[in-house]
$ cat data-v5.csv   # CSV, C-alpha atoms
chain,number,residue,atom,x,y,z
A,16,MET,CA,32.8,-22.0,-42.6
A,17,GLU,CA,34.6,-22.9,-39.4
A,18,ASP,CA,37.0,-20.1,-40.1
A,19,LEU,CA,34.2,-17.6,-40.1
A,20,GLU,CA,32.8,-19.0,-36.7
A,21,LYS,CA,36.2,-18.9,-35.1
A,22,TYR,CA,37.0,-15.4,-36.4
A,23,ILE,CA,33.7,-14.0,-35.2
A,24,LYS,CA,34.0,-15.6,-31.7
A,25,GLU,CA,37.5,-14.3,-31.4
A,26,ASN,CA,36.5,-10.8,-32.3
A,27,LYS,CA,33.2,-10.6,-30.3
A,28,PRO,CA,34.1,-7.3,-28.6
A,29,LEU,CA,34.3,-5.6,-31.9
A,30,PHE,CA,30.7,-6.2,-32.5
A,31,ASP,CA,29.8,-3.8,-29.6
A,32,GLU,CA,29.8,-0.7,-31.7
A,33,HIS,CA,26.9,1.2,-30.1
A,34,LYS,CA,27.1,3.5,-27.2
A,35,ALA,CA,24.1,3.8,-25.0
A,36,ASP,CA,22.8,7.2,-23.9
A,37,ARG,CA,23.6,6.4,-20.3
A,38,ALA,CA,22.2,9.5,-18.6
A,39,LYS,CA,18.9,9.4,-20.5
A,40,ILE,CA,18.3,5.7,-19.9
A,41,TRP,CA,19.3,5.9,-16.2
A,42,ALA,CA,17.0,8.9,-15.6
A,43,THR,CA,14.0,6.8,-16.7
A,44,ILE,CA,15.2,3.7,-14.7
A,45,ASP,CA,15.7,5.8,-11.6
A,46,GLU,CA,12.3,7.4,-11.9
A,47,ARG,CA,10.6,4.0,-12.5
A,48,LEU,CA,12.4,2.4,-9.6
A,49,ASP,CA,10.9,5.0,-7.3
A,50,THR,CA,7.4,4.2,-8.6
A,51,PRO,CA,5.7,1.2,-7.1
A,52,LYS,CA,5.0,-1.8,-9.3
A,53,SER,CA,1.9,-1.4,-11.4
A,54,THR,CA,-0.9,-3.5,-9.9
A,55,THR,CA,-4.6,-3.5,-10.2
A,56,PHE,CA,-6.4,-1.1,-7.9
A,57,TRP,CA,-7.7,-3.7,-5.5
A,58,GLN,CA,-4.4,-5.6,-5.4
A,59,SER,CA,-2.4,-2.4,-4.5
A,60,PRO,CA,-0.6,-3.1,-1.2
A,61,PHE,CA,-1.0,0.6,-0.4
A,62,LEU,CA,-4.7,0.2,-0.7
A,63,LYS,CA,-4.6,-2.8,1.5
A,64,ILE,CA,-2.6,-0.8,4.1
A,65,ALA,CA,-5.0,2.2,3.7
A,66,ALA,CA,-8.0,-0.1,4.1
A,67,SER,CA,-6.4,-1.6,7.2
A,68,ILE,CA,-5.7,1.8,8.7
A,69,LEU,CA,-9.3,2.9,7.9
A,70,ILE,CA,-10.7,-0.2,9.6
A,71,ILE,CA,-8.6,0.3,12.6
A,72,LEU,CA,-9.5,4.0,12.7
A,73,SER,CA,-13.2,3.2,12.3
A,74,GLY,CA,-13.0,0.7,15.1
A,75,PHE,CA,-11.1,3.2,17.3
A,76,SER,CA,-13.6,6.0,16.4
A,77,THR,CA,-16.5,3.8,17.2
A,78,TYR,CA,-15.0,2.7,20.4
A,79,HIS,CA,-14.0,6.3,21.2
A,80,LEU,CA,-17.5,7.5,20.4
A,81,PHE,CA,-19.0,4.7,22.5
A,82,VAL,CA,-16.7,5.4,25.5
A,83,SER,CA,-17.0,9.2,25.0
A,84,SER,CA,-20.8,9.0,24.9
A,85,LYS,CA,-20.7,6.8,27.9
A,86,PHE,CA,-18.3,9.2,29.6
A,87,ASN,CA,-20.5,12.2,28.5
A,88,GLY,CA,-23.5,10.4,29.9
A,89,THR,CA,-21.6,9.7,33.1
A,90,GLU,CA,-20.4,13.2,33.2
A,91,LYS,CA,-23.9,14.6,32.6
A,92,HIS,CA,-25.1,12.2,35.2
A,93,GLN,CA,-22.5,13.5,37.6
A,94,ILE,CA,-23.5,17.1,36.9
A,95,VAL,CA,-27.2,16.4,37.4
A,96,ASN,CA,-26.4,14.5,40.5
A,97,ASN,CA,-24.2,17.3,41.8
A,98,GLU,CA,-26.9,19.8,41.0
A,99,LEU,CA,-29.6,17.7,42.7
A,100,SER,CA,-27.4,17.2,45.6
A,101,ASP,CA,-26.8,20.9,46.0
A,102,ILE,CA,-30.5,21.7,45.8
A,103,ASP,CA,-31.3,18.9,48.1
A,104,THR,CA,-28.7,20.0,50.7
A,105,TYR,CA,-29.9,23.6,50.5
A,106,TYR,CA,-33.6,22.9,50.8
A,107,LYS,CA,-33.2,20.1,53.2
A,108,GLY,CA,-31.3,22.3,55.5
A,109,LEU,CA,-33.9,25.1,55.1
A,110,VAL,CA,-36.9,22.7,55.6
A,111,SER,CA,-35.2,21.0,58.5
A,112,PHE,CA,-34.5,24.3,60.2
A,113,GLN,CA,-38.0,25.5,59.8
A,114,VAL,CA,-39.6,22.2,60.8
A,115,LYS,CA,-37.5,22.5,63.9
A,116,LEU,CA,-38.9,26.0,64.5
A,117,ILE,CA,-42.4,24.7,64.2
A,118,GLN,CA,-41.8,21.7,66.5
A,119,GLU,CA,-40.3,24.0,69.1
A,120,HIS,CA,-42.7,26.8,68.7
A,121,PRO,CA,-44.2,27.4,72.2
A,122,LYS,CA,-47.5,28.8,71.1
A,123,LEU,CA,-48.4,26.1,68.6
A,124,GLN,CA,-50.7,23.3,69.7
A,125,GLU,CA,-49.5,19.7,69.6
A,126,LYS,CA,-52.3,18.5,67.3
A,127,ASP,CA,-51.5,21.3,64.9
A,128,LYS,CA,-47.8,20.3,64.9
A,129,VAL,CA,-48.8,16.7,64.1
A,130,ALA,CA,-51.1,17.8,61.3
A,131,PHE,CA,-48.5,20.1,59.9
A,132,LEU,CA,-45.7,17.5,60.1
A,133,SER,CA,-48.1,14.9,58.5
A,134,PHE,CA,-48.5,17.2,55.6
A,135,MET,CA,-44.8,17.7,55.4
A,136,ASP,CA,-44.4,13.9,55.4
A,137,ASP,CA,-46.7,13.7,52.4
A,138,LEU,CA,-44.5,16.2,50.6
A,139,ASP,CA,-41.5,14.1,51.7
A,140,GLN,CA,-42.9,11.0,50.1
A,141,GLU,CA,-43.6,12.9,47.0
A,142,TYR,CA,-40.0,14.1,47.1
A,143,GLU,CA,-38.7,10.6,47.4
A,144,ILE,CA,-40.7,9.4,44.4
A,145,LEU,CA,-39.5,12.4,42.4
A,146,LYS,CA,-35.9,11.7,43.5
A,147,LEU,CA,-36.3,8.0,42.3
A,148,GLU,CA,-37.7,9.2,39.0
A,149,MET,CA,-34.8,11.5,38.7
A,150,THR,CA,-32.3,8.6,38.9
A,151,LYS,CA,-34.2,6.7,36.2
A,152,ASN,CA,-34.4,9.6,33.8
A,153,LEU,CA,-31.4,11.9,34.4
A,154,ASN,CA,-32.2,14.2,31.5
A,155,ASN,CA,-35.7,14.9,32.7
A,156,GLU,CA,-35.6,18.6,33.7
A,157,TYR,CA,-39.3,18.4,34.5
A,158,ILE,CA,-38.6,16.0,37.4
A,159,LEU,CA,-35.9,18.3,38.7
A,160,GLU,CA,-38.3,21.2,38.5
A,161,ALA,CA,-40.9,19.1,40.4
A,162,ILE,CA,-38.4,18.4,43.1
A,163,ILE,CA,-37.6,22.0,43.5
A,164,ASN,CA,-41.3,22.9,43.6
A,165,ASN,CA,-41.8,20.2,46.2
A,166,TYR,CA,-39.2,21.9,48.4
A,167,LYS,CA,-40.6,25.4,47.7
A,168,LYS,CA,-44.1,24.2,48.6
A,169,ARG,CA,-42.8,22.9,51.9
A,170,ILE,CA,-40.9,26.1,52.7
A,171,GLU,CA,-43.9,28.2,51.6
A,172,LEU,CA,-46.1,26.2,54.0
A,173,ILE,CA,-43.7,26.6,56.8
A,174,GLU,CA,-43.3,30.3,56.1
A,175,ASN,CA,-47.1,30.7,56.0
A,176,LEU,CA,-47.5,28.8,59.2
A,177,LEU,CA,-44.8,30.9,61.0
A,178,SER,CA,-46.3,34.0,59.5
A,179,GLN,CA,-49.8,33.1,60.9
A,180,ILE,CA,-48.3,32.3,64.3
A,181,ASN,CA,-46.7,35.7,64.4
A,182,ASN,CA,-49.8,37.5,63.2
A,183,SER,CA,-52.1,35.6,65.7
A,184,LYS,CA,-50.2,37.3,68.5
A,185,LYS,CA,-51.5,40.7,67.2
A,186,ILE,CA,-55.1,39.7,66.1
A,187,ASN,CA,-56.8,37.0,68.1
A,188,SER,CA,-55.2,34.4,70.2
A,189,ASP,CA,-58.3,32.2,70.0
A,190,GLU,CA,-58.2,31.9,66.2
A,191,ASP,CA,-57.3,28.5,64.8
A,192,TYR,CA,-54.5,28.2,62.3
A,193,ILE,CA,-55.6,27.3,58.9
A,194,LEU,CA,-53.2,25.0,57.1
B,3,MET,CA,23.9,-31.9,-11.4
B,4,LYS,CA,25.4,-29.5,-9.0
B,5,THR,CA,24.8,-25.8,-9.8
B,6,LYS,CA,27.8,-23.7,-10.1
B,7,ILE,CA,27.7,-20.5,-8.0
B,8,LEU,CA,29.1,-17.5,-9.7
B,9,TYR,CA,29.7,-14.6,-7.4
B,10,THR,CA,30.4,-11.8,-9.9
B,11,HIS,CA,30.0,-8.3,-8.4
B,12,LYS,CA,28.5,-10.0,-5.4
B,13,ASP,CA,28.7,-6.9,-3.1
B,14,LEU,CA,27.1,-4.7,-5.7
B,15,VAL,CA,24.4,-7.3,-6.4
B,16,GLU,CA,23.7,-7.7,-2.6
B,17,GLN,CA,23.5,-4.0,-2.0
B,18,SER,CA,21.3,-3.6,-5.0
B,19,LYS,CA,19.0,-6.3,-3.7
B,20,SER,CA,18.5,-4.1,-0.6
B,21,GLY,CA,17.5,-1.2,-2.8
B,22,ASP,CA,20.8,0.8,-2.6
B,23,ARG,CA,20.5,3.1,-5.6
B,24,ASN,CA,24.2,3.8,-5.8
B,25,SER,CA,25.0,0.1,-6.1
B,26,GLN,CA,22.2,-0.3,-8.7
B,27,TYR,CA,23.8,2.6,-10.7
B,28,GLN,CA,27.2,1.0,-10.5
B,29,LEU,CA,25.8,-2.3,-11.9
B,30,TYR,CA,24.0,-0.3,-14.6
B,31,ASP,CA,27.2,1.5,-15.5
B,32,LEU,CA,29.1,-1.7,-15.8
B,33,TYR,CA,26.6,-3.5,-18.1
B,34,VAL,CA,24.5,-0.8,-19.9
B,35,ASP,CA,26.7,-0.6,-23.1
B,36,ALA,CA,27.0,-4.4,-23.5
B,37,MET,CA,23.2,-4.8,-23.0
B,38,TYR,CA,22.4,-2.0,-25.3
B,39,ASN,CA,24.5,-3.6,-28.0
B,40,VAL,CA,22.8,-7.0,-27.4
B,41,SER,CA,19.4,-5.3,-27.9
B,42,MET,CA,20.6,-3.2,-30.9
B,43,ARG,CA,21.8,-6.4,-32.7
B,44,ILE,CA,18.3,-7.8,-32.4
B,45,LEU,CA,16.2,-4.8,-32.8
B,46,ASN,CA,18.4,-2.5,-34.9
B,47,VAL,CA,16.3,0.5,-33.8
B,48,LYS,CA,17.8,2.9,-31.2
B,49,GLU,CA,14.6,3.9,-29.6
B,50,ASP,CA,13.3,0.3,-29.3
B,51,ALA,CA,16.6,-0.8,-27.8
B,52,GLU,CA,16.6,2.0,-25.2
B,53,ASP,CA,13.1,1.0,-24.2
B,54,VAL,CA,14.1,-2.6,-23.8
B,55,ILE,CA,17.2,-1.6,-21.7
B,56,GLN,CA,15.1,0.6,-19.4
B,57,ASP,CA,12.6,-2.2,-18.9
B,58,SER,CA,15.3,-4.8,-18.4
B,59,PHE,CA,17.2,-2.9,-15.8
B,60,VAL,CA,14.0,-2.0,-13.9
B,61,ASP,CA,12.8,-5.6,-14.0
B,62,ALA,CA,16.2,-6.8,-13.0
B,63,PHE,CA,16.5,-4.5,-10.0
B,64,LYS,CA,12.9,-5.2,-8.9
B,65,ASN,CA,13.4,-8.9,-9.1
B,66,LEU,CA,16.9,-9.1,-8.0
B,67,SER,CA,15.9,-11.2,-5.0
B,68,SER,CA,15.3,-14.1,-7.4
B,69,PHE,CA,18.9,-14.0,-8.6
B,70,ARG,CA,20.7,-16.8,-7.0
B,71,TYR,CA,24.2,-16.6,-8.5
B,72,GLU,CA,23.5,-19.7,-10.7
B,73,SER,CA,24.9,-17.6,-13.5
B,74,THR,CA,26.9,-14.4,-13.6
B,75,PHE,CA,24.8,-11.3,-13.1
B,76,GLY,CA,25.7,-10.3,-16.7
B,77,SER,CA,24.4,-13.5,-18.1
B,78,TRP,CA,21.2,-13.3,-16.1
B,79,LEU,CA,20.7,-9.7,-17.2
B,80,LYS,CA,21.6,-10.5,-20.8
B,81,ARG,CA,18.9,-13.2,-20.9
B,82,ILE,CA,16.3,-10.6,-19.7
B,83,VAL,CA,17.5,-8.2,-22.4
B,84,ILE,CA,17.3,-10.8,-25.1
B,85,ASN,CA,13.9,-12.1,-24.1
B,86,LYS,CA,12.5,-8.5,-24.0
B,87,SER,CA,14.1,-7.7,-27.4
B,88,ILE,CA,12.6,-10.8,-28.9
B,89,ASN,CA,9.2,-9.9,-27.4
B,90,GLN,CA,9.5,-6.5,-28.9
B,91,LEU,CA,10.0,-8.1,-32.3
B,92,LYS,CA,7.0,-10.4,-31.7
B,93,GLN,CA,4.9,-7.3,-30.9
B,94,LYS,CA,5.9,-5.9,-34.3
B,95,LYS,CA,4.9,-9.3,-35.8
B,96,ILE,CA,8.4,-9.8,-37.3
B,97,ALA,CA,9.1,-13.4,-38.1
B,98,LEU,CA,11.8,-14.7,-35.8
B,99,VAL,CA,12.8,-17.7,-38.0
B,100,PRO,CA,12.6,-18.1,-41.8
B,101,LEU,CA,9.4,-19.7,-43.1
B,102,ASP,CA,11.2,-22.1,-45.5
B,103,GLN,CA,11.8,-25.5,-44.0
B,104,HIS,CA,13.6,-27.3,-46.9
B,105,GLU,CA,16.0,-29.1,-44.6
B,106,TYR,CA,16.6,-31.9,-47.2
B,107,HIS,CA,18.6,-29.5,-49.3
B,108,LEU,CA,21.3,-29.1,-46.6
B,109,ASN,CA,23.2,-32.3,-47.3
B,110,GLU,CA,23.0,-31.8,-51.1
B,111,GLU,CA,24.6,-28.4,-51.1
B,112,ILE,CA,28.3,-27.8,-50.8
B,113,ASP,CA,29.4,-25.5,-48.0
B,114,PRO,CA,30.7,-22.2,-49.4
B,115,VAL,CA,34.2,-21.1,-48.6
B,116,ILE,CA,34.7,-17.6,-47.2
B,117,THR,CA,37.1,-15.6,-49.3
B,118,THR,CA,37.9,-12.8,-46.9
B,119,LEU,CA,37.8,-12.3,-43.2
B,120,ASP,CA,37.1,-8.6,-42.5
B,121,ILE,CA,35.2,-7.6,-39.4
B,122,GLN,CA,33.6,-4.6,-40.9
B,123,LYS,CA,32.5,-6.6,-44.0
B,124,ILE,CA,31.1,-9.3,-41.7
B,125,LYS,CA,29.2,-6.8,-39.5
B,126,THR,CA,27.6,-5.2,-42.6
B,127,SER,CA,26.8,-8.6,-44.1
B,128,ILE,CA,25.0,-9.6,-40.9
B,129,THR,CA,22.8,-6.6,-41.1
B,130,MET,CA,21.9,-7.6,-44.7
B,131,LEU,CA,20.6,-11.0,-43.6
B,132,PRO,CA,16.9,-11.7,-43.4
B,133,GLN,CA,15.5,-11.1,-39.8
B,134,GLY,CA,15.3,-14.7,-38.8
B,135,TYR,CA,18.8,-15.6,-40.0
B,136,ARG,CA,20.2,-12.6,-38.4
B,137,GLN,CA,18.8,-13.5,-35.0
B,138,ILE,CA,20.2,-17.0,-35.0
B,139,ILE,CA,23.7,-15.8,-36.2
B,140,ASN,CA,23.7,-13.2,-33.4
B,141,LEU,CA,22.5,-15.6,-30.7
B,142,TYR,CA,24.9,-18.4,-31.7
B,143,LEU,CA,28.1,-16.6,-32.9
B,144,ILE,CA,28.0,-13.3,-31.0
B,145,GLU,CA,26.0,-13.9,-27.9
B,146,GLY,CA,27.4,-17.4,-27.4
B,147,TYR,CA,24.2,-19.4,-26.8
B,148,ASP,CA,24.0,-23.0,-27.8
B,149,HIS,CA,21.1,-24.5,-29.8
B,150,ILE,CA,19.2,-25.7,-26.7
B,151,GLU,CA,19.3,-22.1,-25.4
B,152,ILE,CA,18.4,-20.6,-28.7
B,153,GLY,CA,15.5,-23.1,-28.9
B,154,GLU,CA,14.2,-21.8,-25.6
B,155,ILE,CA,14.7,-18.1,-26.5
B,156,LEU,CA,13.1,-18.4,-30.0
B,157,ASN,CA,10.6,-21.1,-28.9
B,158,ILE,CA,11.8,-23.5,-31.6
B,159,SER,CA,13.2,-27.0,-31.5
B,160,VAL,CA,16.9,-27.7,-31.2
B,161,SER,CA,16.9,-29.3,-34.7
B,162,THR,CA,15.2,-26.3,-36.2
B,163,SER,CA,17.8,-24.0,-34.5
B,164,LYS,CA,20.6,-26.1,-35.9
B,165,SER,CA,19.2,-26.2,-39.4
B,166,GLN,CA,18.3,-22.5,-39.4
B,167,TYR,CA,21.8,-21.6,-38.2
B,168,HIS,CA,23.4,-23.7,-40.9
B,169,ARG,CA,21.4,-21.9,-43.6
B,170,ALA,CA,22.0,-18.5,-42.1
B,171,LYS,CA,25.7,-19.1,-42.0
B,172,LYS,CA,25.8,-20.1,-45.7
B,173,LYS,CA,23.7,-17.1,-46.6
B,174,LEU,CA,26.1,-14.9,-44.6
B,175,ILE,CA,29.1,-16.3,-46.4
B,176,LYS,CA,27.4,-15.7,-49.7
B,177,ILE,CA,26.8,-12.0,-48.8
B,178,ILE,CA,30.4,-11.6,-47.5
B,179,ASN,CA,31.8,-13.1,-50.7
B,180,THR,CA,29.7,-10.8,-52.9
B,181,PRO,CA,32.0,-8.1,-54.1

$ encode --input "data-v5.csv" --output "structure tokens"
Amino acid sequence: MEDLEKYIKENKPLFDEHKADRAKIWATIDERLDTPKSTTFWQSPFLKIAASILIILSGFSTYHLFVSSKFNGTEKHQIVNNELSDIDTYYKGLVSFQVKLIQEHPKLQEKDKVAFLSFMDDLDQEYEILKLEMTKNLNNEYILEAIINNYKKRIELIENLLSQINNSKKINSDEDYIL
Amino acid sequence: MKTKILYTHKDLVEQSKSGDRNSQYQLYDLYVDAMYNVSMRILNVKEDAEDVIQDSFVDAFKNLSSFRYESTFGSWLKRIVINKSINQLKQKKIALVPLDQHEYHLNEEIDPVITTLDIQKIKTSITMLPQGYRQIINLYLIEGYDHIEIGEILNISVSTSKSQYHRAKKKLIKIINTP
């Protein structure tokens, strides 16, 4: 029996009689080495990475949305402020010019000037309230419209007053001005 | 006990560890035939052996980081191939060891004497052995494992491995001696 053991051990290489289909086997190995290890769906490292990216992106998007909305709000705020400022400058200049005309008008009595300017002061107060409302509620076009109307009213009053002054020259110098 | 470090094909192994496909192919090319023959001796079916070889190389390359040169790369790979081949047999519910356990007969029987030592006759006779006997002859005489290792591979005790080997060898001699 020992002879058989010795003989087999000495001739081991002769027992390798098969030849593997190298190309075929390697093709499968090569393909499988390119494929990631099979794991359950929730254990997949790619899923974990994807989930992490999604969380980061969501966080970024939320932040961006927040900042962007804040920026948009600020931008809108800025636009409205600019618009208001332009209107304000334009009408203030106009009102100021016409009020000056009234104050310096030689044919207008002092008490009429005071009454007129007092009325203008009321409109000024209304304007200040509207302007304050405007800063509280920037999207309120109604307030903006009211501010413009306030200015228009003042200008209209001034124009009417000036018109009456001019007309009084032709009609009757004793006639009182009706405000 | 101090572990022996065996640096066989160290460069190829290290490059394969880092995923270098060319090095992996070179290792494959060096060992594929030997591994295919190991699997064929156990499974005896070409397609099954090819599947086992593919699985073994893929697993080996994917888990190469766990290879610490405590054996040669060939020995490490061979153990993977053998384990996978044995598992393949288990899946087919093929008995790995003979069911008879009449060990008391061993001492009563006289060991047979081999009449002729012919490699081709021996190879043919091994294929004629019952499955369980064939595995133990292959593992001990051709693959070179000792009974402790065979016990681990086949999940049997060392004494069972020894007794089964003894019987398998007697059966083999009987077949060889049959004209």

$ residues_around --input "data-v5.csv" --residues "Thr117 (chain B)" --least-positions-apart "5" --cutoff "10 Å" --atoms "all atoms listed in the file" --output "mmCIF file with C-alpha atoms, keeping the file's coordinate frame"
data_model
loop_
_atom_site.group_PDB
_atom_site.id
_atom_site.type_symbol
_atom_site.label_atom_id
_atom_site.label_comp_id
_atom_site.auth_asym_id
_atom_site.auth_seq_id
_atom_site.Cartn_x
_atom_site.Cartn_y
_atom_site.Cartn_z
ATOM 1 C CA LEU A 19 34.200 -17.600 -40.100
ATOM 2 C CA ILE B 175 29.100 -16.300 -46.400
ATOM 3 C CA LYS B 176 27.400 -15.700 -49.700
ATOM 4 C CA ILE B 178 30.400 -11.600 -47.500
ATOM 5 C CA ASN B 179 31.800 -13.100 -50.700
ATOM 6 C CA THR B 180 29.700 -10.800 -52.900
#

$ interface_residues --input "data-v5.csv" --of "chain B" --to "chain A" --cutoff "10 Å" --atoms "only C-alpha atoms" --output "ChimeraX atom specification"
/B:21,23,26-27,30-31,34-40,42-43,48,51-53,55-61,63-64,113-122,124-125,139-140,142-146,168,171-172,174-175

$ residues_around --input "data-v5.csv" --residues "Val110 (chain A)" --least-positions-apart "2" --cutoff "8 Å" --atoms "only C-alpha atoms" --output "compact mmCIF listing (two decimals) with C-alpha atoms, in the coordinates of the input"
# COMPACT_ATOMS: atom_id res chain seq x y z
CA TYR A 106 -33.60 22.90 50.80
CA LYS A 107 -33.20 20.10 53.20
CA GLY A 108 -31.30 22.30 55.50
CA PHE A 112 -34.50 24.30 60.20
CA GLN A 113 -38.00 25.50 59.80
CA VAL A 114 -39.60 22.20 60.80
CA TYR A 166 -39.20 21.90 48.40
CA ARG A 169 -42.80 22.90 51.90
CA ILE A 170 -40.90 26.10 52.70
CA ILE A 173 -43.70 26.60 56.80

$ residues_around --input "data-v5.csv" --residues "Lys167 (chain A)" --least-positions-apart "5" --cutoff "12 Å" --atoms "all atoms listed in the file" --output "PyMOL selection string"
chain A and resi 102-103+105-107+109-110+135+138+142+160-162+172-175

$ atom_distance --input "data-v5.csv" --atom1 "CA of Lys86 (chain B)" --atom2 "CA of Thr126 (chain B)"
24.2 Å

$ atom_distance --input "data-v5.csv" --atom1 "CA of Gln90 (chain B)" --atom2 "CA of Asn65 (chain B)"
20.3 Å

$ atom_distance --input "data-v5.csv" --atom1 "CA of Met130 (chain B)" --atom2 "CA of Val47 (chain B)"
14.7 Å

$ closest_residue --input "data-v5.csv" --among "A:Ile163, A:Leu176, A:Ile144, A:Met149" --to "Lys128 (chain A)" --atoms "all atoms listed in the file"
A:Leu176
